[in-house]
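Contents: one structure, followed by commentary.
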Amino acid sequence: MSIPLYQMQTTQSGIILSINAGQELTRRMAALGLRPGRQIKIIRKAPWSGPLQVRIGHTEIIIRRGEAEKIEVEPT
Amino acid sequence: MKRLALLGMPNTGKSTLFNRLTGAGARVGNWPGMTVDMLSAKVLLAGGMVELVDLPGIYNLHGFSDDEQVVRHFLSSQPVNGLVVILDATQLDRQLNLFLQLRALQCPMTLILNMADEARQLGIHINQEKLSAELGCDISLVSAKYGHGFEAIRKALEHLLRTAPQAMLAHTEALHSDEAIEAELDRIVSDTINTPVVLPPNLTRRLDRILLHPVFGLPLFFLSMFALFQLVYGLGTPLQNGLSALLGYFNSDVLTPVLRHAPTPLTSFITDGLFNGIGTVLSFLPIIVLFFVFMAIVEDSGYLARAAFLMDALMARLGLDGRSFVMQLMGLGCNVPALMGTRVMRSRALRLLTMMVIPFSLCSARLQVFLFFTSAIFKPFAAASMLFFLYLTSFAMAFLTALVWRGKFRNHEPLLLELPPYRFPTTRQLLVQGWQQSGHFLRGASGFIVAGVVLIWFLTHVPFNVAPASPATLAGHLAAWMHPVFAPLGINRLLSLTLLFGFVAKEIVIGALAVIYSAGEKNLAGILAHQIDWVQATSFMLFTLIYTPCLSTIAVLKQESKSISFTLLAVLWPLGLAWLVSFVFYQTARSLGW
């Protein structure tokens, strides 16, 4: 079952299935470690529809919900 | 001369390493066709002078951000003998990507893995020999922060120079596709790097649980920023007073005796014009240096990225992002370093919009004017409320400006920000940072300040046969000419002249008032209270708050935007807004019979 990243619950983990963003954004995401096949975990969500804090490997990243919508994950 | 380029991702300690390697000799290079400042320095390596260039930090060689284009342009237009790539040893699983992209350029390379100490603490083991064989280049494990491993770096650089006697242009057209690189990356990482699967719950996570708390996160952030300002001014004000006193002695004991026999206009030009003007600005140097040092602590600690996380929801609705808010807060101390801080933004539109917003932050120089006026005109309780009202107005104007201009500076910069682990910078790092930033500020703004000071002196002293700043002087004529503009705001001729001085620096306003009213600072409060009522005073303060903060700010706006039309907009918009707000306030108050 695949859902957009921003629908995952806080502290939930998943595997990235696909990234449906433009070429430029996809590359920037890849540079920060956001690539299909990688494990991703939601650490916390900022209130008032603010950004998400996620962890991939040893890297922690802030990502806005808009961008998190473009990442499809399978919760584990 | 041989040339080496230093490349790496942001936050890898690249600049620290550059500073350590080059000492204090770095300068901002002027590269043809380049819009981003790059530092370069000459170092003695392998018996010859070598130019080391610090290229902007990039995540990806393929990207289209300003920095990424600058790097590509540099590599394809300036021949280099080799590339020195610096990566964060704790994040090789993704950072090696950049190295593999750079390898496609076919320049000789050497790899430096920084933060080796942190990697060891995290239990990450790197098989240096195997990795070196895989990548086909030397690898040095270092800790730039603690200065460990620099001998190895020198050796690696010298080895690189010996193997690459001929400078060459990079083959930027030969970039591999990302997919091929990713497969190779995964293979190399799993072969050579051992990382523990589960990280021990370390300090960073425990701190985040408190500092990013959904309810207490923001209040804690404001509290720590408030404490920071208190510390900067608590330490800086005595230093500032000391420096002012020293400058005063210099004036009375050196300058005045030397100029005793000089013609009066010359004496006046040197003491009242140049010396007082430049001295006033110079006396703010201690606060500026301290400010840079403390901001360096906050910046390197990783806390600013967290503030961006907390405020992003609101700022996104204004066309800005979390980092813009952080810069605005920095502006409460002094707008100049805050404007320079926008360099972390990658999208130019976002950066320019943030630079439009920062000058509305009620900086310490304006605070000084408001403290004087509120205590002269209002009773203590009303004075404090007035001050609070002015801070509110400052934020309201900033948000209004963002709302009005977000269409012109529309940016689609996605907020993808790394949250680095909390770090403590070393003392040496702080001193270097404070020294470099202050030097940069002085070099950039000094020409502007001298010109402004000379102009103001000229206006208030020509012709020489009348009293300074009297109606018969050029400034007096100017005040008469400006009168139709300022009369509807309830700002009289003499006060409008001080607004002209305030254009140079708000620090001069109170002193200028004293000259114009020919009174000491002590009597000035009484005179003011007699001459203007609270409505006029408030109108004057609103105008002072909103219009251009000072010449230094304009100089930095120009220096950082590299655009004259943007600088004009960033000066004219607040000027118009200031007039409108004062006008509406004054006319409404008067029509209500106040």
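Residue names in the structure tokens use chain letters A, B, ... in the order shown, residue numbers from 1 in each chain, and ligand numbers from 1 in the order shown.
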Expected answer as a VMD selection string: chain B residues within 10 Å of chain A, only C-alpha atoms: chain B and resid 9 58 to 65 90 to 98 122 178 182 195 to 199 205 208 to 209 212 to 215 217 305 to 306 308 to 316 322 413 to 421
Take the residues that were just selected and, keeping C-alpha atoms, output them as a PDB file, in the first residue's frame.
ATOM      1  CA  MET B   9      28.430  20.364   0.056  1.00  0.00           C
ATOM      2  CA  ILE B  58      26.709  22.772  -3.612  1.00  0.00           C
ATOM      3  CA  TYR B  59      24.656  19.610  -3.227  1.00  0.00           C
ATOM      4  CA  ASN B  60      24.678  18.663  -6.855  1.00  0.00           C
ATOM      5  CA  LEU B  61      26.652  19.554  -9.954  1.00  0.00           C
ATOM      6  CA  HIS B  62      23.594  19.252 -12.192  1.00  0.00           C
ATOM      7  CA  GLY B  63      21.353  21.712 -10.364  1.00  0.00           C
ATOM      8  CA  PHE B  64      20.169  25.100 -11.493  1.00  0.00           C
ATOM      9  CA  SER B  65      20.512  27.162  -8.331  1.00  0.00           C
ATOM     10  CA  THR B  90      29.167  11.105   8.794  1.00  0.00           C
ATOM     11  CA  GLN B  91      27.074  11.446   5.645  1.00  0.00           C
ATOM     12  CA  LEU B  92      29.101   9.654   3.004  1.00  0.00           C
ATOM     13  CA  ASP B  93      26.088   7.533   2.110  1.00  0.00           C
ATOM     14  CA  ARG B  94      24.735  10.524   0.206  1.00  0.00           C
ATOM     15  CA  GLN B  95      27.643  12.944  -0.111  1.00  0.00           C
ATOM     16  CA  LEU B  96      29.843  10.605  -2.164  1.00  0.00           C
ATOM     17  CA  ASN B  97      27.318  11.299  -4.897  1.00  0.00           C
ATOM     18  CA  LEU B  98      28.900  14.729  -5.452  1.00  0.00           C
ATOM     19  CA  LEU B 122      28.619   7.725  15.835  1.00  0.00           C
ATOM     20  CA  ASP B 178      22.438  10.344 -12.115  1.00  0.00           C
ATOM     21  CA  GLU B 182      23.429   6.106  -7.789  1.00  0.00           C
ATOM     22  CA  THR B 195      27.452   2.221   9.939  1.00  0.00           C
ATOM     23  CA  PRO B 196      25.579   1.106  13.028  1.00  0.00           C
ATOM     24  CA  VAL B 197      21.949   0.391  12.120  1.00  0.00           C
ATOM     25  CA  VAL B 198      20.410   2.150  15.086  1.00  0.00           C
ATOM     26  CA  LEU B 199      21.974   5.362  16.347  1.00  0.00           C
ATOM     27  CA  ARG B 205      17.415  14.150  19.812  1.00  0.00           C
ATOM     28  CA  ASP B 208      15.108  18.571  19.825  1.00  0.00           C
ATOM     29  CA  ARG B 209      12.359  17.105  21.942  1.00  0.00           C
ATOM     30  CA  LEU B 212      11.071  21.778  18.828  1.00  0.00           C
ATOM     31  CA  HIS B 213       8.187  21.172  21.229  1.00  0.00           C
ATOM     32  CA  PRO B 214       4.887  22.092  19.496  1.00  0.00           C
ATOM     33  CA  VAL B 215       3.875  24.462  22.298  1.00  0.00           C
ATOM     34  CA  GLY B 217       9.360  25.540  20.976  1.00  0.00           C
ATOM     35  CA  ALA B 305      17.650  25.682  11.141  1.00  0.00           C
ATOM     36  CA  ARG B 306      15.320  24.654  13.956  1.00  0.00           C
ATOM     37  CA  ALA B 308      13.135  27.964  10.540  1.00  0.00           C
ATOM     38  CA  PHE B 309      11.251  24.712  11.200  1.00  0.00           C
ATOM     39  CA  LEU B 310       9.143  26.389  13.900  1.00  0.00           C
ATOM     40  CA  MET B 311       8.222  29.554  11.942  1.00  0.00           C
ATOM     41  CA  ASP B 312       7.904  28.211   8.418  1.00  0.00           C
ATOM     42  CA  ALA B 313       4.128  27.694   8.548  1.00  0.00           C
ATOM     43  CA  LEU B 314       3.483  31.443   9.002  1.00  0.00           C
ATOM     44  CA  MET B 315       6.273  32.680   6.736  1.00  0.00           C
ATOM     45  CA  ALA B 316       5.209  30.424   3.851  1.00  0.00           C
ATOM     46  CA  GLY B 322      11.477  30.029   7.956  1.00  0.00           C
ATOM     47  CA  GLU B 413      12.110  27.446  -3.639  1.00  0.00           C
ATOM     48  CA  PRO B 414      11.095  24.258  -1.887  1.00  0.00           C
ATOM     49  CA  LEU B 415      12.143  24.271   1.735  1.00  0.00           C
ATOM     50  CA  LEU B 416      14.459  21.294   1.848  1.00  0.00           C
ATOM     51  CA  LEU B 417      16.753  22.043   4.699  1.00  0.00           C
ATOM     52  CA  GLU B 418      19.173  19.824   6.488  1.00  0.00           C
ATOM     53  CA  LEU B 419      18.879  19.778  10.274  1.00  0.00           C
ATOM     54  CA  PRO B 420      22.501  19.400  11.352  1.00  0.00           C
ATOM     55  CA  PRO B 421      23.249  17.871  14.753  1.00  0.00           C
TER      56      PRO B 421
END
Ser324 in chain B surroundings by only C-alpha atoms, 9 Å radius, close-in-sequence under 2 positions cut, as a PDB file with N, CA, C and O atoms, in the first residue's frame:
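This went into selection.pdb:
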ATOM      1  N   ALA B 308      13.780  27.955  11.853  1.00  0.00           N
ATOM      2  CA  ALA B 308      13.135  27.964  10.540  1.00  0.00           C
ATOM      3  C   ALA B 308      12.013  26.929  10.512  1.00  0.00           C
ATOM      4  O   ALA B 308      10.933  27.179   9.984  1.00  0.00           O
ATOM      5  N   ASP B 312       8.145  28.315   9.861  1.00  0.00           N
ATOM      6  CA  ASP B 312       7.904  28.211   8.418  1.00  0.00           C
ATOM      7  C   ASP B 312       6.430  28.285   8.043  1.00  0.00           C
ATOM      8  O   ASP B 312       6.081  28.842   7.007  1.00  0.00           O
ATOM      9  N   MET B 315       5.508  31.964   7.753  1.00  0.00           N
ATOM     10  CA  MET B 315       6.273  32.680   6.736  1.00  0.00           C
ATOM     11  C   MET B 315       5.915  32.216   5.324  1.00  0.00           C
ATOM     12  O   MET B 315       5.947  33.013   4.388  1.00  0.00           O
ATOM     13  N   LEU B 320       7.595  34.015   2.095  1.00  0.00           N
ATOM     14  CA  LEU B 320       8.968  33.903   2.615  1.00  0.00           C
ATOM     15  C   LEU B 320       9.158  32.479   3.124  1.00  0.00           C
ATOM     16  O   LEU B 320       8.308  31.625   2.929  1.00  0.00           O
ATOM     17  N   ASP B 321      10.261  32.209   3.802  1.00  0.00           N
ATOM     18  CA  ASP B 321      10.341  30.925   4.479  1.00  0.00           C
ATOM     19  C   ASP B 321      10.959  31.071   5.855  1.00  0.00           C
ATOM     20  O   ASP B 321      11.284  32.176   6.276  1.00  0.00           O
ATOM     21  N   GLY B 322      11.068  29.986   6.557  1.00  0.00           N
ATOM     22  CA  GLY B 322      11.477  30.029   7.956  1.00  0.00           C
ATOM     23  C   GLY B 322      12.771  30.785   8.182  1.00  0.00           C
ATOM     24  O   GLY B 322      12.937  31.474   9.189  1.00  0.00           O
ATOM     25  N   VAL B 326      14.247  34.224  10.714  1.00  0.00           N
ATOM     26  CA  VAL B 326      15.454  34.230  11.527  1.00  0.00           C
ATOM     27  C   VAL B 326      16.278  35.497  11.236  1.00  0.00           C
ATOM     28  O   VAL B 326      16.765  36.163  12.149  1.00  0.00           O
ATOM     29  N   MET B 327      16.384  35.850   9.941  1.00  0.00           N
ATOM     30  CA  MET B 327      17.145  37.050   9.568  1.00  0.00           C
ATOM     31  C   MET B 327      16.496  38.307  10.122  1.00  0.00           C
ATOM     32  O   MET B 327      17.160  39.247  10.528  1.00  0.00           O
ATOM     33  N   GLN B 328      15.144  38.317  10.122  1.00  0.00           N
ATOM     34  CA  GLN B 328      14.421  39.464  10.646  1.00  0.00           C
ATOM     35  C   GLN B 328      14.745  39.665  12.126  1.00  0.00           C
ATOM     36  O   GLN B 328      14.919  40.788  12.585  1.00  0.00           O
ATOM     37  N   LEU B 329      14.828  38.567  12.842  1.00  0.00           N
ATOM     38  CA  LEU B 329      15.170  38.654  14.262  1.00  0.00           C
ATOM     39  C   LEU B 329      16.586  39.178  14.438  1.00  0.00           C
ATOM     40  O   LEU B 329      16.861  40.002  15.314  1.00  0.00           O
ATOM     41  N   THR B 342      21.453  36.708   4.604  1.00  0.00           N
ATOM     42  CA  THR B 342      20.563  36.117   3.599  1.00  0.00           C
ATOM     43  C   THR B 342      21.330  35.315   2.561  1.00  0.00           C
ATOM     44  O   THR B 342      20.732  34.696   1.701  1.00  0.00           O
ATOM     45  N   MET B 345      20.431  31.765   1.459  1.00  0.00           N
ATOM     46  CA  MET B 345      19.292  31.417   0.601  1.00  0.00           C
ATOM     47  C   MET B 345      19.755  31.170  -0.818  1.00  0.00           C
ATOM     48  O   MET B 345      20.545  31.910  -1.366  1.00  0.00           O
ATOM     49  N   LEU B 350      13.671  34.801  -3.433  1.00  0.00           N
ATOM     50  CA  LEU B 350      13.420  34.685  -1.998  1.00  0.00           C
ATOM     51  C   LEU B 350      14.391  35.557  -1.215  1.00  0.00           C
ATOM     52  O   LEU B 350      14.030  36.226  -0.248  1.00  0.00           O
ATOM     53  N   ARG B 351      15.633  35.583  -1.678  1.00  0.00           N
ATOM     54  CA  ARG B 351      16.650  36.363  -0.999  1.00  0.00           C
ATOM     55  C   ARG B 351      16.322  37.852  -1.087  1.00  0.00           C
ATOM     56  O   ARG B 351      16.423  38.586  -0.103  1.00  0.00           O
ATOM     57  N   LEU B 353      13.339  39.248  -1.575  1.00  0.00           N
ATOM     58  CA  LEU B 353      12.148  39.570  -0.777  1.00  0.00           C
ATOM     59  C   LEU B 353      12.525  39.659   0.698  1.00  0.00           C
ATOM     60  O   LEU B 353      12.060  40.543   1.416  1.00  0.00           O
ATOM     61  N   THR B 354      13.375  38.764   1.153  1.00  0.00           N
ATOM     62  CA  THR B 354      13.826  38.813   2.542  1.00  0.00           C
ATOM     63  C   THR B 354      14.608  40.102   2.796  1.00  0.00           C
ATOM     64  O   THR B 354      14.464  40.737   3.845  1.00  0.00           O
ATOM     65  N   MET B 355      15.402  40.521   1.801  1.00  0.00           N
ATOM     66  CA  MET B 355      16.175  41.748   1.972  1.00  0.00           C
ATOM     67  C   MET B 355      15.281  42.991   1.973  1.00  0.00           C
ATOM     68  O   MET B 355      15.634  44.016   2.537  1.00  0.00           O
ATOM     69  N   VAL B 357      12.424  43.000   3.495  1.00  0.00           N
ATOM     70  CA  VAL B 357      11.704  42.927   4.763  1.00  0.00           C
ATOM     71  C   VAL B 357      12.599  43.298   5.952  1.00  0.00           C
ATOM     72  O   VAL B 357      12.173  43.956   6.898  1.00  0.00           O
ATOM     73  N   ILE B 358      13.869  42.916   5.873  1.00  0.00           N
ATOM     74  CA  ILE B 358      14.770  43.095   7.015  1.00  0.00           C
ATOM     75  C   ILE B 358      14.888  44.551   7.494  1.00  0.00           C
ATOM     76  O   ILE B 358      14.869  44.797   8.697  1.00  0.00           O
TER      77      ILE B 358
END
Which neighbours of Pro4 in chain A fall inside 10 Å, counting only C-alpha atoms, when residues of the same chain fewer than 6 positions from it are skipped, and could you give them as a list in words?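 Within the cut-off, the hits are Ile16, Leu17, Ser18, Ile19, Arg65, Glu67, Ala68, Glu69, Lys70, Ile71, Glu72, Val73, Glu74 and Pro75 of chain A.
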State, in Å with one decimal place, the distance from CA of Glu560 in chain B to CA of Arg317 in chain B. 25.1 Å
For range 522-531 of chain B, please output as a list in words all residues within 12 Å (counting only C-alpha atoms; exclusion window: fewer than 3 positions along the same chain).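 In the requested form, the answer reads Val369, Leu371, Phe372, Phe373, Thr374, Ser375, Ala376, Ile377, Phe378, Lys379, Gly490, Ile491, Asn492, Leu494, Leu495, Ile510, Gly511, Ala512, Leu513, Ala514, Val515, Ile516, Tyr517, Ser518, Ala519, Trp534, Val535, Gln536 and Ala537 of chain B.
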Please produce an output containing N, CA and C atoms for each residue in the selection, written as a compact mmCIF listing (two decimals), in the first residue's frame.
# COMPACT_ATOMS: atom_id res chain seq x y z
N VAL B 369 16.90 56.34 19.46
CA VAL B 369 16.08 57.53 19.18
C VAL B 369 14.75 57.45 19.91
N LEU B 371 13.90 55.63 22.57
CA LEU B 371 14.05 55.72 24.02
C LEU B 371 14.10 57.19 24.43
N PHE B 372 14.85 57.98 23.67
CA PHE B 372 14.99 59.40 23.97
C PHE B 372 13.66 60.13 23.82
N PHE B 373 12.99 59.92 22.71
CA PHE B 373 11.73 60.62 22.44
C PHE B 373 10.63 60.21 23.40
N THR B 374 10.46 58.90 23.62
CA THR B 374 9.36 58.47 24.47
C THR B 374 9.55 58.98 25.90
N SER B 375 10.79 58.95 26.37
CA SER B 375 10.99 59.42 27.76
C SER B 375 10.85 60.93 27.85
N ALA B 376 11.10 61.66 26.75
CA ALA B 376 10.95 63.12 26.79
C ALA B 376 9.49 63.53 26.74
N ILE B 377 8.66 62.80 26.00
CA ILE B 377 7.30 63.25 25.71
C ILE B 377 6.24 62.56 26.58
N PHE B 378 6.47 61.25 26.90
CA PHE B 378 5.43 60.48 27.57
C PHE B 378 5.77 60.23 29.04
N LYS B 379 4.70 59.90 29.81
CA LYS B 379 4.92 59.45 31.18
C LYS B 379 5.42 58.00 31.11
N GLY B 490 2.88 66.66 10.37
CA GLY B 490 3.11 67.30 11.65
C GLY B 490 4.58 67.33 12.04
N ILE B 491 5.46 67.18 11.05
CA ILE B 491 6.90 67.20 11.33
C ILE B 491 7.43 68.57 10.93
N ASN B 492 7.92 69.35 11.92
CA ASN B 492 8.35 70.72 11.63
C ASN B 492 9.68 70.76 10.90
N LEU B 494 12.69 71.85 11.60
CA LEU B 494 13.91 71.41 12.28
C LEU B 494 13.94 69.88 12.41
N LEU B 495 12.77 69.30 12.73
CA LEU B 495 12.72 67.84 12.84
C LEU B 495 12.94 67.18 11.48
N ILE B 510 20.05 62.08 17.49
CA ILE B 510 19.95 62.82 18.75
C ILE B 510 21.01 63.95 18.81
N GLY B 511 22.22 63.63 18.40
CA GLY B 511 23.27 64.64 18.37
C GLY B 511 22.93 65.78 17.43
N ALA B 512 22.34 65.43 16.27
CA ALA B 512 21.97 66.45 15.30
C ALA B 512 20.90 67.36 15.87
N LEU B 513 19.94 66.78 16.60
CA LEU B 513 18.90 67.59 17.25
C LEU B 513 19.52 68.59 18.20
N ALA B 514 20.53 68.09 18.94
CA ALA B 514 21.19 68.97 19.91
C ALA B 514 21.85 70.14 19.20
N VAL B 515 22.48 69.91 18.05
CA VAL B 515 23.12 71.00 17.29
C VAL B 515 22.07 71.96 16.77
N ILE B 516 21.00 71.39 16.20
CA ILE B 516 19.97 72.21 15.56
C ILE B 516 19.26 73.09 16.59
N TYR B 517 18.92 72.51 17.74
CA TYR B 517 18.27 73.30 18.79
C TYR B 517 19.30 74.01 19.66
N SER B 518 20.56 73.93 19.28
CA SER B 518 21.70 74.43 20.04
C SER B 518 21.50 74.25 21.54
N ALA B 519 21.35 72.98 21.94
CA ALA B 519 21.18 72.65 23.35
C ALA B 519 22.00 71.41 23.68
N TRP B 534 2.39 65.00 21.74
CA TRP B 534 2.63 63.56 21.57
C TRP B 534 2.25 63.06 20.19
N VAL B 535 1.26 63.73 19.54
CA VAL B 535 0.85 63.29 18.21
C VAL B 535 1.98 63.55 17.22
N GLN B 536 2.57 64.74 17.30
CA GLN B 536 3.70 65.06 16.41
C GLN B 536 4.87 64.12 16.66
N ALA B 537 5.13 63.87 17.95
CA ALA B 537 6.26 63.01 18.31
C ALA B 537 6.04 61.60 17.75
Taking only C-alpha atoms into account, which of A:Thr76, A:Ile42, A:Gly37, A:Thr10 comes nearest Asp186 in chain B?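 Nearest to Asp186 in chain B: A:Gly37.
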Sel. of alpha helix (DSSP H) residues, range 263-332 of chain B, as a ChimeraX atom specification: /B:264-268,276-282,285-301,303-316,322-331
What is the CA of Leu102 in chain B-CA of Leu83 in chain B distance in Å, reported with one decimal? 8.5 Å
Show which residues sit within 12 Å of Ile126 in chain B, as a VMD selection string. Count only C-alpha atoms, and ignore same-chain residues fewer than 5 positions away. chain B and resid 88 to 93 113 116 to 117 119 to 120 131 to 132 139 to 141 188 to 196
Neighbours of range 292-296 of chain B within 12 Å (only C-alpha atoms; same-chain residues fewer than 2 positions away dropped), as an MDAnalysis selection string? chainID B and resid 224:225 227:233 235:236 285:290 298:304 326:327 329:331 333:338 340:341 423:441
Pairwise distance for CA of Leu282 in chain B and CA of Leu557 in chain B, rounded to one decimal in Å: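 Result for CA of Leu282 in chain B versus CA of Leu557 in chain B: 19.7 Å, one decimal.
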Picked from range 139-253 of chain B by DSSP as strand (DSSP E or B), as number ranges by chain: B: 139-141, 143, 148, 168, 193-194
